[in-house]
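final03.cif follows; it contains mmCIF, C-alpha atoms.
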```cif
data_query
loop_
_atom_site.label_atom_id
_atom_site.label_comp_id
_atom_site.auth_asym_id
_atom_site.auth_seq_id
_atom_site.Cartn_x
_atom_site.Cartn_y
_atom_site.Cartn_z
CA MET H 1 73.39 104.99 157.80
CA SER H 2 74.41 108.04 159.71
CA ALA H 3 76.50 110.45 157.80
CA ALA H 4 74.62 111.98 154.94
CA GLY H 5 71.08 112.30 156.22
CA ALA H 6 68.73 115.21 156.17
CA GLY H 7 69.89 118.67 156.99
CA ARG H 8 73.57 118.14 156.27
CA PHE H 9 74.35 120.71 153.67
CA GLY H 10 77.53 122.53 152.94
CA GLY H 11 80.73 120.51 152.75
CA MET H 12 79.04 117.13 152.39
CA THR H 13 76.76 118.31 149.59
CA ILE H 14 79.66 119.84 147.70
CA ARG H 15 81.70 116.65 148.00
CA LEU H 16 78.80 114.55 146.72
CA ILE H 17 78.20 116.92 143.80
CA LEU H 18 81.90 116.55 142.94
CA VAL H 19 81.61 112.73 143.02
CA GLY H 20 78.69 113.14 140.61
CA VAL H 21 80.65 115.47 138.32
CA PHE H 22 83.47 112.93 138.25
CA LEU H 23 81.03 110.13 137.36
CA GLY H 24 79.35 112.25 134.68
CA ILE H 25 82.69 112.95 133.01
CA VAL H 26 83.89 109.32 133.22
CA PHE H 27 80.54 107.97 131.95
CA THR H 28 80.69 110.34 128.99
CA LYS H 29 84.34 109.87 128.05
CA ALA H 30 84.15 106.08 128.45
CA GLU H 31 81.09 106.14 126.17
CA VAL H 32 79.14 103.89 128.54
CA ILE H 33 76.24 106.31 128.02
CA SER H 34 76.26 105.58 124.30
CA TRP H 35 73.32 103.65 122.86
CA PHE H 36 75.77 102.34 120.26
CA ARG H 37 78.04 100.90 122.96
CA ILE H 38 75.12 99.19 124.71
CA GLN H 39 73.99 97.55 121.47
CA GLU H 40 77.58 96.44 120.88
CA MET H 41 77.67 94.94 124.38
CA PHE H 42 74.39 93.02 124.02
CA ARG H 43 75.66 91.69 120.69
CA PHE H 44 78.94 90.56 122.27
CA GLN H 45 80.87 92.38 119.57
CA SER H 46 83.39 94.23 121.72
CA PHE H 47 85.17 93.83 125.04
CA HIS H 48 84.80 97.53 125.92
CA MET H 49 81.75 97.42 128.25
CA TYR H 50 82.77 94.10 129.80
CA GLY H 51 86.23 95.49 130.49
CA ILE H 52 84.73 98.53 132.19
CA ILE H 53 82.26 96.61 134.35
CA GLY H 54 84.81 93.90 135.14
CA SER H 55 87.60 96.26 136.14
CA ALA H 56 85.18 98.44 138.12
CA VAL H 57 84.08 95.35 140.08
CA ALA H 58 87.70 94.30 140.63
CA VAL H 59 88.62 97.72 142.04
CA GLY H 60 85.40 97.88 144.07
CA ALA H 61 85.89 94.42 145.57
CA LEU H 62 89.53 95.09 146.40
CA SER H 63 88.57 98.41 148.02
CA LEU H 64 85.92 96.72 150.18
CA LEU H 65 88.48 94.15 151.27
CA VAL H 66 90.98 96.85 152.22
CA ILE H 67 88.30 98.87 154.06
CA LYS H 68 87.31 95.80 156.08
CA LYS H 69 90.86 94.60 156.79
CA LEU H 70 92.14 97.98 157.89
CA GLY H 71 88.91 99.04 159.59
CA ILE H 72 88.86 102.29 157.62
CA ARG H 73 86.26 104.77 158.85
CA THR H 74 84.23 107.52 157.21
CA LEU H 75 85.49 111.09 157.20
CA ASP H 76 83.21 111.65 160.20
CA GLY H 77 84.92 108.80 162.03
CA ALA H 78 81.97 106.40 161.85
CA PRO H 79 82.65 102.72 161.17
CA ILE H 80 81.89 101.63 157.60
CA GLU H 81 79.28 98.90 157.42
CA VAL H 82 78.25 97.41 154.12
CA GLU H 83 75.03 95.47 154.37
CA ALA H 84 74.83 92.54 151.99
CA LYS H 85 71.56 91.84 150.20
CA LYS H 86 70.58 88.33 151.18
CA SER H 87 69.34 85.60 148.92
CA ALA H 88 65.73 84.80 149.82
CA GLY H 89 63.47 82.08 148.46
CA ALA H 90 63.21 82.05 144.69
CA ASN H 91 64.61 85.61 144.50
CA TYR H 92 61.75 86.70 142.25
CA ARG H 93 62.46 90.36 142.71
CA TYR H 94 66.03 90.03 141.52
CA TRP H 95 65.52 88.03 138.37
CA MET H 96 62.14 89.43 137.38
CA GLY H 97 63.01 93.01 138.27
CA GLY H 98 66.41 92.50 136.68
CA ALA H 99 64.93 91.20 133.42
CA LEU H 100 62.45 94.10 133.19
CA PHE H 101 65.28 96.53 133.87
CA GLY H 102 67.43 94.84 131.21
CA LEU H 103 64.62 95.08 128.69
CA GLY H 104 64.53 98.84 129.25
CA TRP H 105 68.33 99.11 129.23
CA GLY H 106 68.55 97.31 125.88
CA LEU H 107 65.89 99.49 124.26
CA LEU H 108 66.94 102.83 125.67
CA GLY H 109 70.66 102.10 125.71
CA ALA H 110 70.96 103.87 129.04
CA CYS H 111 70.67 102.86 132.68
CA PRO H 112 69.93 105.39 135.44
CA GLY H 113 73.35 107.10 135.78
CA PRO H 114 73.74 107.45 132.01
CA ILE H 115 70.18 108.84 131.66
CA TYR H 116 71.31 111.79 133.80
CA ALA H 117 74.66 112.10 131.99
CA LEU H 118 72.95 112.11 128.57
CA ILE H 119 70.67 114.94 129.67
CA GLY H 120 73.82 116.85 130.67
CA ASN H 121 75.26 116.07 127.26
CA GLY H 122 72.34 117.90 125.71
CA ILE H 123 70.36 114.93 124.41
CA THR H 124 67.27 116.44 125.94
CA VAL H 125 64.76 113.82 124.82
CA LEU H 126 66.19 111.70 127.64
CA LEU H 127 64.15 114.00 129.90
CA ALA H 128 61.13 112.10 128.56
CA SER H 129 62.89 108.85 129.48
CA LEU H 130 63.63 110.19 132.95
CA GLY H 131 59.99 111.18 133.39
CA ALA H 132 58.96 107.70 132.24
CA ALA H 133 61.46 106.12 134.65
CA LEU H 134 59.96 108.13 137.52
CA LEU H 135 56.51 106.99 136.44
CA GLY H 136 57.88 103.43 136.40
CA THR H 137 59.19 103.83 139.95
CA TRP H 138 55.85 105.28 141.07
CA SER H 139 53.96 102.43 139.37
CA TYR H 140 56.19 99.87 141.04
CA GLY H 141 55.42 101.51 144.36
CA TRP H 142 51.71 100.92 143.81
CA LEU H 143 52.10 97.39 142.47
CA LYS H 144 54.66 96.35 145.07
CA PRO H 145 52.16 94.66 147.43
CA HIS H 146 50.89 92.51 144.55
CA LEU H 147 54.22 91.40 143.05
CA PRO H 148 56.22 88.33 144.10
CA HIS H 149 59.47 89.32 145.77
CA HIS H 150 60.90 86.19 147.38
CA MET T 1 96.36 122.39 125.35
CA ALA T 2 97.93 119.05 124.64
CA PHE T 3 96.50 117.72 127.91
CA LEU T 4 92.95 118.80 127.07
CA GLU T 5 93.25 117.17 123.67
CA TRP T 6 94.57 114.02 125.27
CA ILE T 7 91.74 113.61 127.80
CA SER T 8 89.21 114.54 125.14
CA GLN T 9 89.90 111.27 123.35
CA PRO T 10 87.58 108.42 124.33
CA TRP T 11 88.90 106.76 127.51
CA PRO T 12 89.86 103.08 127.22
CA TRP T 13 88.10 100.55 129.44
CA TYR T 14 91.13 99.97 131.65
CA VAL T 15 91.12 103.65 132.62
CA ALA T 16 87.38 104.19 132.93
CA GLY T 17 86.50 100.94 134.72
CA PRO T 18 88.91 101.38 137.65
CA LEU T 19 87.86 105.04 137.98
CA ILE T 20 84.21 103.98 138.27
CA GLY T 21 85.20 101.25 140.74
CA LEU T 22 86.93 103.84 142.91
CA VAL T 23 83.60 105.52 143.54
CA VAL T 24 82.72 102.51 145.73
CA PRO T 25 85.28 103.33 148.46
CA VAL T 26 84.99 107.09 147.94
CA LEU T 27 81.23 107.10 148.66
CA LEU T 28 81.69 104.85 151.68
CA ILE T 29 84.40 107.04 153.11
CA VAL T 30 82.83 110.40 152.25
CA ALA T 31 79.22 109.58 153.06
CA GLY T 32 79.14 106.10 154.58
CA GLN T 33 76.86 105.03 151.74
CA PRO T 34 76.93 102.20 149.18
CA PHE T 35 77.23 103.10 145.49
CA GLY T 36 73.88 103.05 143.70
CA LEU T 37 72.21 105.61 141.48
CA SER T 38 68.66 104.44 140.90
CA THR T 39 67.28 105.06 144.39
CA SER T 40 67.41 108.69 143.26
CA PHE T 41 64.26 107.91 141.24
CA GLU T 42 62.45 107.25 144.52
CA ASP T 43 63.83 110.46 146.02
CA ILE T 44 62.59 112.56 143.10
CA CYS T 45 59.18 110.85 143.22
CA ALA T 46 59.01 111.43 146.97
CA ALA T 47 59.71 115.12 146.38
CA ALA T 48 57.53 115.71 143.36
CA PHE T 49 54.85 113.07 142.74
CA PRO T 50 51.23 113.20 143.88
CA ALA T 51 49.28 110.18 145.17
CA ARG T 52 52.36 108.45 146.46
CA PRO T 53 52.37 104.75 147.37
CA GLU T 54 53.92 103.72 150.68
CA LEU T 55 57.34 103.15 149.09
CA LEU T 56 57.52 106.83 148.24
CA ARG T 57 55.94 108.32 151.37
CA ARG T 58 58.98 109.74 153.05
CA ASP T 59 60.77 113.00 153.54
CA TRP T 60 62.66 113.55 150.29
CA ARG T 61 65.41 115.35 152.21
CA GLN T 62 66.59 111.96 153.48
CA GLY T 63 67.63 111.34 149.89
CA ALA T 64 68.98 114.81 149.24
CA TRP T 65 72.52 113.43 149.28
CA ARG T 66 71.64 111.18 146.34
CA ILE T 67 70.07 114.07 144.48
CA ALA T 68 73.35 115.98 144.97
CA ILE T 69 75.20 113.16 143.16
CA VAL T 70 72.63 113.19 140.36
CA VAL T 71 72.94 116.96 139.92
CA GLY T 72 76.69 116.41 139.71
CA ILE T 73 76.31 113.71 137.03
CA ILE T 74 74.17 116.01 134.87
CA PHE T 75 76.74 118.79 135.27
CA GLY T 76 79.64 116.38 134.63
CA GLY T 77 77.92 115.22 131.44
CA PHE T 78 77.55 118.85 130.41
CA LEU T 79 81.22 119.60 131.11
CA ALA T 80 82.46 116.54 129.22
CA GLY T 81 80.12 117.18 126.30
CA THR T 82 81.08 120.84 126.09
CA PHE T 83 84.77 121.02 126.90
CA LEU T 84 86.07 117.50 126.26
CA GLN T 85 84.49 116.71 122.93
CA GLY T 86 86.33 113.91 121.17
CA PRO T 87 85.75 112.31 117.78
CA SER T 88 82.22 112.74 116.49
CA GLU T 89 81.61 109.00 116.16
CA VAL T 90 81.75 106.34 118.85
CA ALA T 91 84.22 103.75 117.57
CA ILE T 92 81.96 100.70 117.80
CA ALA T 93 82.87 97.39 116.20
CA ALA T 94 82.41 97.15 112.44
CA SER T 95 80.07 94.21 112.99
CA THR T 96 77.81 96.27 115.30
CA ARG T 97 77.78 99.09 112.80
CA ALA T 98 76.79 96.72 110.02
CA ASP T 99 74.06 95.13 112.16
CA LEU T 100 72.59 98.52 113.13
CA ALA T 101 72.80 99.76 109.55
CA ALA T 102 70.82 96.69 108.53
CA LEU T 103 68.17 97.77 111.05
CA GLY T 104 67.97 101.15 109.34
CA ILE T 105 70.35 103.32 111.40
CA THR T 106 72.12 105.74 109.06
CA ASP T 107 73.60 108.41 111.35
CA PHE T 108 76.45 107.09 113.50
CA SER T 109 77.59 110.45 114.86
CA GLY T 110 77.10 111.38 118.50
CA LEU T 111 76.46 109.22 121.56
CA ALA T 112 73.08 107.97 120.37
CA PRO T 113 71.50 107.85 116.91
CA ARG T 114 70.02 111.29 116.24
CA GLU T 115 67.30 109.89 113.99
CA LEU T 116 65.94 108.01 117.00
CA PHE T 117 66.77 110.19 120.01
CA ASN T 118 64.95 113.43 119.23
CA TRP T 119 61.63 114.86 120.42
CA GLY T 120 59.98 114.25 117.06
CA ALA T 121 60.64 110.51 117.39
CA LEU T 122 58.18 110.42 120.30
CA GLY T 123 55.47 110.75 117.66
CA THR T 124 56.36 107.40 116.12
CA LEU T 125 55.33 104.13 117.75
CA GLY T 126 58.85 102.68 117.69
CA GLY T 127 60.45 105.87 118.98
CA PHE T 128 57.88 106.20 121.76
CA LEU T 129 58.33 102.60 122.89
CA ILE T 130 62.12 102.90 122.89
CA ILE T 131 62.42 106.31 124.58
CA VAL T 132 59.41 106.27 126.93
CA GLY T 133 58.75 102.52 127.16
CA GLY T 134 62.46 101.87 127.75
CA GLY T 135 62.61 104.56 130.41
CA PHE T 136 59.52 103.20 132.16
CA LEU T 137 60.99 99.68 132.28
CA VAL T 138 64.30 101.02 133.59
CA GLY T 139 62.51 102.85 136.41
CA PHE T 140 60.10 100.01 137.20
CA GLY T 141 62.68 97.24 136.88
CA THR T 142 65.39 98.85 138.94
CA ARG T 143 63.13 99.44 141.93
CA TYR T 144 61.61 95.97 141.68
CA ALA T 145 65.13 94.50 141.49
CA SER T 146 66.29 96.86 144.23
CA GLY T 147 69.23 98.12 142.21
CA CYS T 148 70.58 99.01 138.78
CA THR T 149 73.92 98.68 137.02
CA SER T 150 75.73 100.66 139.72
CA GLY T 151 73.97 99.15 142.73
CA HIS T 152 73.97 95.51 141.56
CA ALA T 153 76.56 95.06 138.80
CA ILE T 154 79.25 97.20 140.45
CA MET T 155 78.49 97.61 144.17
CA GLY T 156 76.65 94.31 144.60
CA LEU T 157 79.15 92.15 142.72
CA SER T 158 82.03 93.92 144.50
CA ASN T 159 80.34 92.90 147.74
CA LEU T 160 79.98 89.30 146.43
CA GLN T 161 76.19 89.32 146.82
CA VAL T 162 74.33 86.38 145.28
CA PRO T 163 71.14 88.47 144.68
CA SER T 164 73.18 90.94 142.65
CA LEU T 165 74.55 88.16 140.46
CA ILE T 166 70.97 86.99 139.86
CA ALA T 167 69.92 90.54 139.04
CA VAL T 168 72.82 91.00 136.59
CA VAL T 169 71.89 87.75 134.82
CA GLY T 170 68.35 89.19 134.66
CA PHE T 171 69.72 92.43 133.17
CA PHE T 172 71.31 90.41 130.38
CA VAL T 173 68.27 88.25 129.74
CA GLY T 174 66.23 91.43 129.32
CA GLY T 175 68.90 93.29 127.36
CA LEU T 176 69.52 90.45 124.93
CA THR T 177 65.78 90.17 124.34
CA ALA T 178 65.56 93.90 123.65
CA SER T 179 68.57 94.03 121.33
CA TRP T 180 67.96 90.86 119.36
CA LEU T 181 64.17 90.54 119.30
CA LEU T 182 62.49 93.87 120.04
CA LEU T 183 64.72 96.46 118.34
CA PRO T 184 64.52 94.76 114.92
CA VAL T 185 60.73 95.15 115.14
CA LEU T 186 60.71 98.66 116.58
CA LEU T 187 63.41 100.30 114.43
#
```
Could you take the file, read its structure, and then write that structure out as structure tokens?
Amino acid sequence: MSAAGAGRFGGMTIRLILVGVFLGIVFTKAEVISWFRIQEMFRFQSFHMYGIIGSAVAVGALSLLVIKKLGIRTLDGAPIEVEAKKSAGANYRYWMGGALFGLGWGLLGACPGPIYALIGNGITVLLASLGAALLGTWSYGWLKPHLPHH
Amino acid sequence: MAFLEWISQPWPWYVAGPLIGLVVPVLLIVAGQPFGLSTSFEDICAAAFPARPELLRRDWRQGAWRIAIVVGIIFGGFLAGTFLQGPSEVAIAASTRADLAALGITDFSGLAPRELFNWGALGTLGGFLIIVGGGFLVGFGTRYASGCTSGHAIMGLSNLQVPSLIAVVGFFVGGLTASWLLLPVLL
């Protein structure tokens, strides 16, 4: 976890903003930020969202394989290490947290990246959703010691 | 202008999906970081919220790189919405359209139904629960699950992580419940 820490502005920040701009455009043009598309997905009435997630995973997995095989390094020359989240106990945090997240995703029709992209698209009421999501994160922080995780 | 018109059409899944997948290696190579967008919620809380729990007691500048991506996404959404406007309606399946119409949706223009996603809707119980309640659950759930659609469904599955598969199944259990059971009551 070296490269992009505190105090590294300039070139790195600009590159990361550009990655974000790219994502914002793709999210919008692929309509993955559309509430209609999310309802369609959860009703299994179109292949669109499944095709996007599936092909994104295929490209991501293949890329990780290539990075590992060829020992590709970061632009700074550091080795690339991808930590894997490990299965632990009953995995409460993954299925319970996942189900709560999914409940919100199904209602709002937007997950975190799309919330930001929708705000950029001028659907400003998503600012209220973003504020609520921050409050949700803050609330989780307080409840964390009392929730089952493993 | 033919090119602009061409990319202004909605992008098919086999173009958009691989492009999103490419962000996995790009972020690793550019920043040495795994793809994931929801930790930005923690960064913003760490920067802006009072009475922070331990999870959020850190120097927000450590997450400044994630905030840079988020700023980019907002700007990218603005650019696409302003300069690459396609057809006014999202071409969802006829069956979805019929189902949503049966739930009372009448306006199918735009990315999200205007009758629901406007500031006035916050004054209705259903609108408040969908816009604010949904947002709260997204923020709470993603930090509890330690990842969202990008971190688990894309990065985590690409990395063949069992916890991410569990989380994605959880996403669908929650999403199906919301779409099939809750929305018919709330809309």
Contacts of T:Gln9 at 8 Å or less, counting all atoms listed in the file, minus same-chain residues fewer than 4 places along, as a PyMOL selection string? (chain H and resi 29) or (chain T and resi 5+84-87)
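The gap separating atom CA of H:Ile53 from atom CA of T:Ile130 is 24.0 Å, in Å to one decimal.
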So that I can see what lies close to H:Ala128, please list as a PyMOL selection string the residues with an atom at most 9 Å from it, counting all atoms listed in the file and leaving out residues fewer than 4 positions away in the same chain. (chain H and resi 124+132-133) or (chain T and resi 119+122+131-132+135)
Which residue out of H:Lys144, H:Arg43, H:Lys86, H:Arg73 has the minimum interatomic distance to T:Arg97 when only C-alpha atoms are used? H:Arg43
Quick check, in Å to one decimal: how far apart do atom CA of T:Phe83 and atom CA of T:Glu115 lie?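 So the two atoms, atom CA of T:Phe83 and atom CA of T:Glu115, lie 24.4 Å apart.
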Expand the PyMOL selection byres ((chain T and resi 175) around 9) into the explicit residue set it covers here, and present it as a count of residues only. 22
Would you list the residues near (77.9, 108.3, 133.5), meaning any protein, DNA or RNA residue with an atom at most 8 Å from that point in file coordinates, counting only C-alpha atoms, as a ChimeraX atom specification? /H:23-28,32-33,113-118 /T:73,77
Quick check on the file I pasted: which residues fall under the PyMOL selection byres ((chain H and resi 55) around 8)? Write them as a ChimeraX atom specification. /H:51-54,56-59 /T:13-14,17-18,21
Evaluate the PyMOL selection byres ((chain T and resi 58) around 10) on the structure here and hand back the selected residues as JSON, numbers by chain. {"T": [42, 43, 45, 46, 47, 52, 54, 55, 56, 57, 59, 60, 61, 62, 63]}
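Atom CA of H:Arg15 to atom CA of T:Ser150 spans 19.0 Å [interatomic distance, one decimal].
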Counting all atoms listed in the file, which residue out of H:Ile80, H:Leu108, H:Ile72, H:Met49 sits closest to T:Leu129? H:Leu108
I'd like the contact shell of T:Asn118 - 9 Å cut-off, all atoms listed in the file, skipping same-chain residues fewer than 6 positions apart - returned as a PDB file with C-alpha atoms, in the frame of the given file.
```pdb
ATOM      1  CA  ILE H 123      70.360 114.930 124.410  1.00  0.00           C
ATOM      2  CA  THR H 124      67.270 116.440 125.940  1.00  0.00           C
ATOM      3  CA  VAL H 125      64.760 113.820 124.820  1.00  0.00           C
ATOM      4  CA  LEU H 126      66.190 111.700 127.640  1.00  0.00           C
TER       5      LEU H 126
ATOM      6  CA  GLY T 127      60.450 105.870 118.980  1.00  0.00           C
TER       7      GLY T 127
END
```
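When all atoms listed in the file are used to compute distances to chain H, the closest of the residues T:Ala101, T:Ile154, T:Val15, T:Val185 turns out to be T:Ile154.
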Give me the residues within 7 Å of H:Tyr92 as a list in words, counting only C-alpha atoms and dropping any in the same chain fewer than 5 places off.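 Skipping anything fewer than 5 positions along the chain leaves Pro148, His149 and His150 of chain H.
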Have a look at T:Ala98, T:Leu116, T:Leu111, T:Ala51 and name the one nearest to chain H; count only C-alpha atoms.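 Closest to chain H of all the choices is T:Leu111.
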Applying 12 Å and only C-alpha atoms, which residues near H:Val19 remain after dropping the ones on its own chain fewer than 4 positions away? List them as a PDB file with C-alpha atoms, in the frame of the given file.
```pdb
ATOM      1  CA  MET H  12      79.040 117.130 152.390  1.00  0.00           C
ATOM      2  CA  THR H  13      76.760 118.310 149.590  1.00  0.00           C
ATOM      3  CA  ILE H  14      79.660 119.840 147.700  1.00  0.00           C
ATOM      4  CA  ARG H  15      81.700 116.650 148.000  1.00  0.00           C
ATOM      5  CA  LEU H  23      81.030 110.130 137.360  1.00  0.00           C
ATOM      6  CA  GLY H  24      79.350 112.250 134.680  1.00  0.00           C
ATOM      7  CA  ILE H  25      82.690 112.950 133.010  1.00  0.00           C
ATOM      8  CA  VAL H  26      83.890 109.320 133.220  1.00  0.00           C
TER       9      VAL H  26
ATOM     10  CA  LEU T  19      87.860 105.040 137.980  1.00  0.00           C
ATOM     11  CA  ILE T  20      84.210 103.980 138.270  1.00  0.00           C
ATOM     12  CA  LEU T  22      86.930 103.840 142.910  1.00  0.00           C
ATOM     13  CA  VAL T  23      83.600 105.520 143.540  1.00  0.00           C
ATOM     14  CA  VAL T  24      82.720 102.510 145.730  1.00  0.00           C
ATOM     15  CA  PRO T  25      85.280 103.330 148.460  1.00  0.00           C
ATOM     16  CA  VAL T  26      84.990 107.090 147.940  1.00  0.00           C
ATOM     17  CA  LEU T  27      81.230 107.100 148.660  1.00  0.00           C
ATOM     18  CA  LEU T  28      81.690 104.850 151.680  1.00  0.00           C
ATOM     19  CA  ILE T  29      84.400 107.040 153.110  1.00  0.00           C
ATOM     20  CA  VAL T  30      82.830 110.400 152.250  1.00  0.00           C
ATOM     21  CA  ALA T  31      79.220 109.580 153.060  1.00  0.00           C
ATOM     22  CA  PHE T  35      77.230 103.100 145.490  1.00  0.00           C
ATOM     23  CA  LEU T  37      72.210 105.610 141.480  1.00  0.00           C
ATOM     24  CA  TRP T  65      72.520 113.430 149.280  1.00  0.00           C
ATOM     25  CA  ARG T  66      71.640 111.180 146.340  1.00  0.00           C
ATOM     26  CA  ILE T  67      70.070 114.070 144.480  1.00  0.00           C
ATOM     27  CA  ALA T  68      73.350 115.980 144.970  1.00  0.00           C
ATOM     28  CA  ILE T  69      75.200 113.160 143.160  1.00  0.00           C
ATOM     29  CA  VAL T  70      72.630 113.190 140.360  1.00  0.00           C
ATOM     30  CA  VAL T  71      72.940 116.960 139.920  1.00  0.00           C
ATOM     31  CA  GLY T  72      76.690 116.410 139.710  1.00  0.00           C
ATOM     32  CA  ILE T  73      76.310 113.710 137.030  1.00  0.00           C
ATOM     33  CA  ILE T  74      74.170 116.010 134.870  1.00  0.00           C
ATOM     34  CA  PHE T  75      76.740 118.790 135.270  1.00  0.00           C
ATOM     35  CA  GLY T  76      79.640 116.380 134.630  1.00  0.00           C
TER      36      GLY T  76
END
```
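In this comparison, which uses all atoms listed in the file, the residue of H:Leu147, H:Ala30, H:Met41, H:Leu127 approaching chain T most closely is H:Ala30.
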Would you please work out which residue, of H:Gly71, H:Gly131, H:Leu143, H:Gly98, is nearest to chain T when using only C-alpha atoms?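 Looking only at the distances to chain T, the closest residue turns out to be H:Gly98.
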Could you pull out every residue with an atom within 10 Å of (58.4, 93.2, 143.0), file coordinates, counting all atoms listed in the file, and send them as number ranges by chain? H: 91-97, 140-141, 143-150; T: 140-146
